[in-house]
Amino acid sequence: MNLRSKDLISIKDISADEIGHILETAAGFKDVLGRDIKKVPALRGKTTVNLFYEPSTRTRTSFEVAAKRLSTDVINIATSTSSVVKGETLLDTAKTVLALGADIVVIRHKCSGTPHFLARNIDASVVNAGDGTNEHPTQALLDLFTMKEHKGGIQGLEVAIVGDILHSRVAKSNIYALTKLGAKVRLIGPPTFVPDCLKGLGVDLYTDMNAGLEGVDVIMMLRIQLERQGKGFFPSTQEYFRNWGLTAARVSRAKKDAIIMHPGPMNRGIEIASEVADSSRSVILDQVTNGIAVRMAVLYLVSGVRE
Ligand code: CP
């Protein structure tokens, strides 16, 4: 089986079978990454452009490493030091990178829908590396891969996603992916971050952290996205931590073998205590490592559709 599209824009638009195929392909690439020679010639002669209009540490470097492991040439464009600051439009920038020979454009943008717009307007494959508050599909795929690795499968898992759901593209992509694959999802946070309308996504909502964590297999903490919200969502960071911060006492409500996840970057002492983030239950750095294999799979599979 293959992906249906030359692009990966959203988890909402792909099937459970396609998600399964990406994860299987990623497992093969994870084996490659364990070898002495971690590189394969699969995409030799291709060019990947990382076009990031928002800051990133994990996603941008992970796509760069993934592309290099597949033997593509990689061009990184940080928009803060590009002609974007002179007023160049997104489409003109994209057409310029195509003229430079790009086969795959990986884009992060603060506006939801930007990758979709680009995919409709250029021939290269487009991969969404996070668009506004909409989706972050490769983050959800690496999260699924990490859950599978630690829990054996996704079907039937009880997964709690905690925090700023409203502004989180990571939460949205994970909700779509987990519900498609048969997991049960609980969303936990203050009512301002977990509005009732989210029930329509087939999830359970909790405002009480202890009740929401009872018996879960996976605790996925989210960053408070201070850059995407005005004031008034919660009184103070201290009060937020008191009510919704993940402490060792709260972890004890989950199953004994529950794992702790966070997409990063973390706000230590606001949404998660350091003793939890650095504990043996934390798989946060496994998520980062697995991101390389998952992004290799995505780059490889979208290239195949294009050809
Ligand atoms: N998880 C994530 O998207 O991290 P970065 O913002 O560092 O890429």
# chains A, B, ... in the order shown; residues from 1 in each chain; ligands from 1
>>> residues_near_ligand(ligand="ligand 1", cutoff="7 Å", atoms="only C-alpha atoms and all ligand atoms", output="list of chain:residue names")
A:Pro55, A:Ser56, A:Thr57, A:Arg58, A:Thr59, A:Arg60, A:Gln139, A:Pro263, A:Gly264, A:Pro265
>>> residues_around(residues="segment 156-168 of chain A", least_positions_apart="3", cutoff="7 Å", atoms="only C-alpha atoms", output="JSON, numbers by chain")
{"A": [133, 171, 172, 182, 183, 184, 185, 186, 187, 188, 189, 193, 194, 213, 216, 217, 218, 219, 220, 221, 222, 223, 224, 225, 228]}
>>> write_last_selection(atoms="N, CA and C atoms", output="PDB file, in the first residue's frame")
ATOM      1  N   THR A 133      -2.789  26.666  15.047  1.00  0.00           N
ATOM      2  CA  THR A 133      -3.387  25.812  16.086  1.00  0.00           C
ATOM      3  C   THR A 133      -4.078  24.599  15.453  1.00  0.00           C
ATOM      4  N   ALA A 171      -2.214  18.307  20.102  1.00  0.00           N
ATOM      5  CA  ALA A 171      -3.400  17.619  20.649  1.00  0.00           C
ATOM      6  C   ALA A 171      -4.347  17.244  19.523  1.00  0.00           C
ATOM      7  N   LYS A 172      -4.590  18.168  18.588  1.00  0.00           N
ATOM      8  CA  LYS A 172      -5.584  17.886  17.534  1.00  0.00           C
ATOM      9  C   LYS A 172      -5.133  16.694  16.690  1.00  0.00           C
ATOM     10  N   GLY A 182      -8.432   3.423  17.533  1.00  0.00           N
ATOM     11  CA  GLY A 182      -9.165   2.671  18.566  1.00  0.00           C
ATOM     12  C   GLY A 182      -8.718   2.924  19.992  1.00  0.00           C
ATOM     13  N   ALA A 183      -7.968   4.009  20.247  1.00  0.00           N
ATOM     14  CA  ALA A 183      -7.643   4.350  21.636  1.00  0.00           C
ATOM     15  C   ALA A 183      -8.790   5.179  22.220  1.00  0.00           C
ATOM     16  N   LYS A 184      -8.848   5.221  23.568  1.00  0.00           N
ATOM     17  CA  LYS A 184      -9.820   6.095  24.236  1.00  0.00           C
ATOM     18  C   LYS A 184      -9.071   7.324  24.710  1.00  0.00           C
ATOM     19  N   VAL A 185      -9.609   8.502  24.401  1.00  0.00           N
ATOM     20  CA  VAL A 185      -8.877   9.743  24.688  1.00  0.00           C
ATOM     21  C   VAL A 185      -9.633  10.563  25.727  1.00  0.00           C
ATOM     22  N   ARG A 186      -8.904  10.999  26.755  1.00  0.00           N
ATOM     23  CA  ARG A 186      -9.450  11.936  27.744  1.00  0.00           C
ATOM     24  C   ARG A 186      -8.680  13.246  27.602  1.00  0.00           C
ATOM     25  N   LEU A 187      -9.398  14.343  27.598  1.00  0.00           N
ATOM     26  CA  LEU A 187      -8.757  15.659  27.568  1.00  0.00           C
ATOM     27  C   LEU A 187      -8.934  16.296  28.942  1.00  0.00           C
ATOM     28  N   ILE A 188      -7.830  16.774  29.516  1.00  0.00           N
ATOM     29  CA  ILE A 188      -7.874  17.325  30.877  1.00  0.00           C
ATOM     30  C   ILE A 188      -7.297  18.737  30.869  1.00  0.00           C
ATOM     31  N   GLY A 189      -7.990  19.651  31.557  1.00  0.00           N
ATOM     32  CA  GLY A 189      -7.453  21.013  31.670  1.00  0.00           C
ATOM     33  C   GLY A 189      -8.505  21.945  32.213  1.00  0.00           C
ATOM     34  N   PHE A 193      -9.468  25.853  28.408  1.00  0.00           N
ATOM     35  CA  PHE A 193      -8.627  25.109  27.450  1.00  0.00           C
ATOM     36  C   PHE A 193      -9.310  23.861  26.908  1.00  0.00           C
ATOM     37  N   VAL A 194     -10.381  23.418  27.599  1.00  0.00           N
ATOM     38  CA  VAL A 194     -11.063  22.181  27.199  1.00  0.00           C
ATOM     39  C   VAL A 194     -12.560  22.488  27.039  1.00  0.00           C
ATOM     40  N   LEU A 213      -6.824  11.386  35.374  1.00  0.00           N
ATOM     41  CA  LEU A 213      -5.644  10.509  35.244  1.00  0.00           C
ATOM     42  C   LEU A 213      -5.880   9.093  35.767  1.00  0.00           C
ATOM     43  N   VAL A 216      -5.090   5.594  33.604  1.00  0.00           N
ATOM     44  CA  VAL A 216      -4.679   5.740  32.192  1.00  0.00           C
ATOM     45  C   VAL A 216      -3.352   5.027  31.909  1.00  0.00           C
ATOM     46  N   ASP A 217      -3.155   4.675  30.633  1.00  0.00           N
ATOM     47  CA  ASP A 217      -1.913   4.025  30.184  1.00  0.00           C
ATOM     48  C   ASP A 217      -0.859   5.044  29.765  1.00  0.00           C
ATOM     49  N   VAL A 218      -1.331   6.192  29.292  1.00  0.00           N
ATOM     50  CA  VAL A 218      -0.423   7.210  28.734  1.00  0.00           C
ATOM     51  C   VAL A 218      -0.859   8.583  29.241  1.00  0.00           C
ATOM     52  N   ILE A 219       0.127   9.355  29.721  1.00  0.00           N
ATOM     53  CA  ILE A 219      -0.149  10.761  30.090  1.00  0.00           C
ATOM     54  C   ILE A 219       0.653  11.636  29.126  1.00  0.00           C
ATOM     55  N   MET A 220      -0.082  12.396  28.307  1.00  0.00           N
ATOM     56  CA  MET A 220       0.606  13.289  27.359  1.00  0.00           C
ATOM     57  C   MET A 220       0.404  14.733  27.829  1.00  0.00           C
ATOM     58  N   MET A 221       1.476  15.341  28.298  1.00  0.00           N
ATOM     59  CA  MET A 221       1.398  16.726  28.765  1.00  0.00           C
ATOM     60  C   MET A 221       1.631  17.675  27.586  1.00  0.00           C
ATOM     61  N   LEU A 222       0.993  18.836  27.649  1.00  0.00           N
ATOM     62  CA  LEU A 222       1.162  19.837  26.586  1.00  0.00           C
ATOM     63  C   LEU A 222       1.758  21.107  27.152  1.00  0.00           C
ATOM     64  N   ARG A 223       2.458  21.813  26.302  1.00  0.00           N
ATOM     65  CA  ARG A 223       3.033  23.103  26.699  1.00  0.00           C
ATOM     66  C   ARG A 223       1.946  24.176  26.744  1.00  0.00           C
ATOM     67  N   ILE A 224       2.018  25.025  27.755  1.00  0.00           N
ATOM     68  CA  ILE A 224       1.166  26.223  27.762  1.00  0.00           C
ATOM     69  C   ILE A 224       1.730  27.163  26.698  1.00  0.00           C
ATOM     70  N   GLN A 225       0.914  27.467  25.687  1.00  0.00           N
ATOM     71  CA  GLN A 225       1.423  28.239  24.545  1.00  0.00           C
ATOM     72  C   GLN A 225       1.154  29.721  24.762  1.00  0.00           C
ATOM     73  N   ARG A 228       0.401  32.066  21.853  1.00  0.00           N
ATOM     74  CA  ARG A 228      -0.810  31.971  21.026  1.00  0.00           C
ATOM     75  C   ARG A 228      -2.067  32.420  21.767  1.00  0.00           C
TER      76      ARG A 228
END
>>> closest_residue(among="A:Lys46, A:Lys39, A:His136, A:Lys30", to="Leu299 of chain A", atoms="only C-alpha atoms")
A:Lys46
>>> closest_residue(among="A:Ser274, A:Gln287, A:Thr61, A:Ser5", to="Gly304 of chain A", atoms="only C-alpha atoms")
A:Ser5
>>> closest_residue(among="A:Ala78, A:Ile292, A:Ala277, A:Val126", to="Thr114 of chain A", atoms="only C-alpha atoms")
A:Val126
>>> closest_residue(among="A:Asn243, A:Val106, A:Lys255, A:Asn290", to="Ile270 of chain A", atoms="only C-alpha atoms")
A:Asn243
>>> atom_distance(atom1="atom CA of Pro191 of chain A", atom2="atom CA of Ile259 of chain A")
25.0 Å
>>> residues_around(residues="Lys95 of chain A", least_positions_apart="4", cutoff="8 Å", atoms="only C-alpha atoms", output="ChimeraX atom specification")
/A:91,99,122
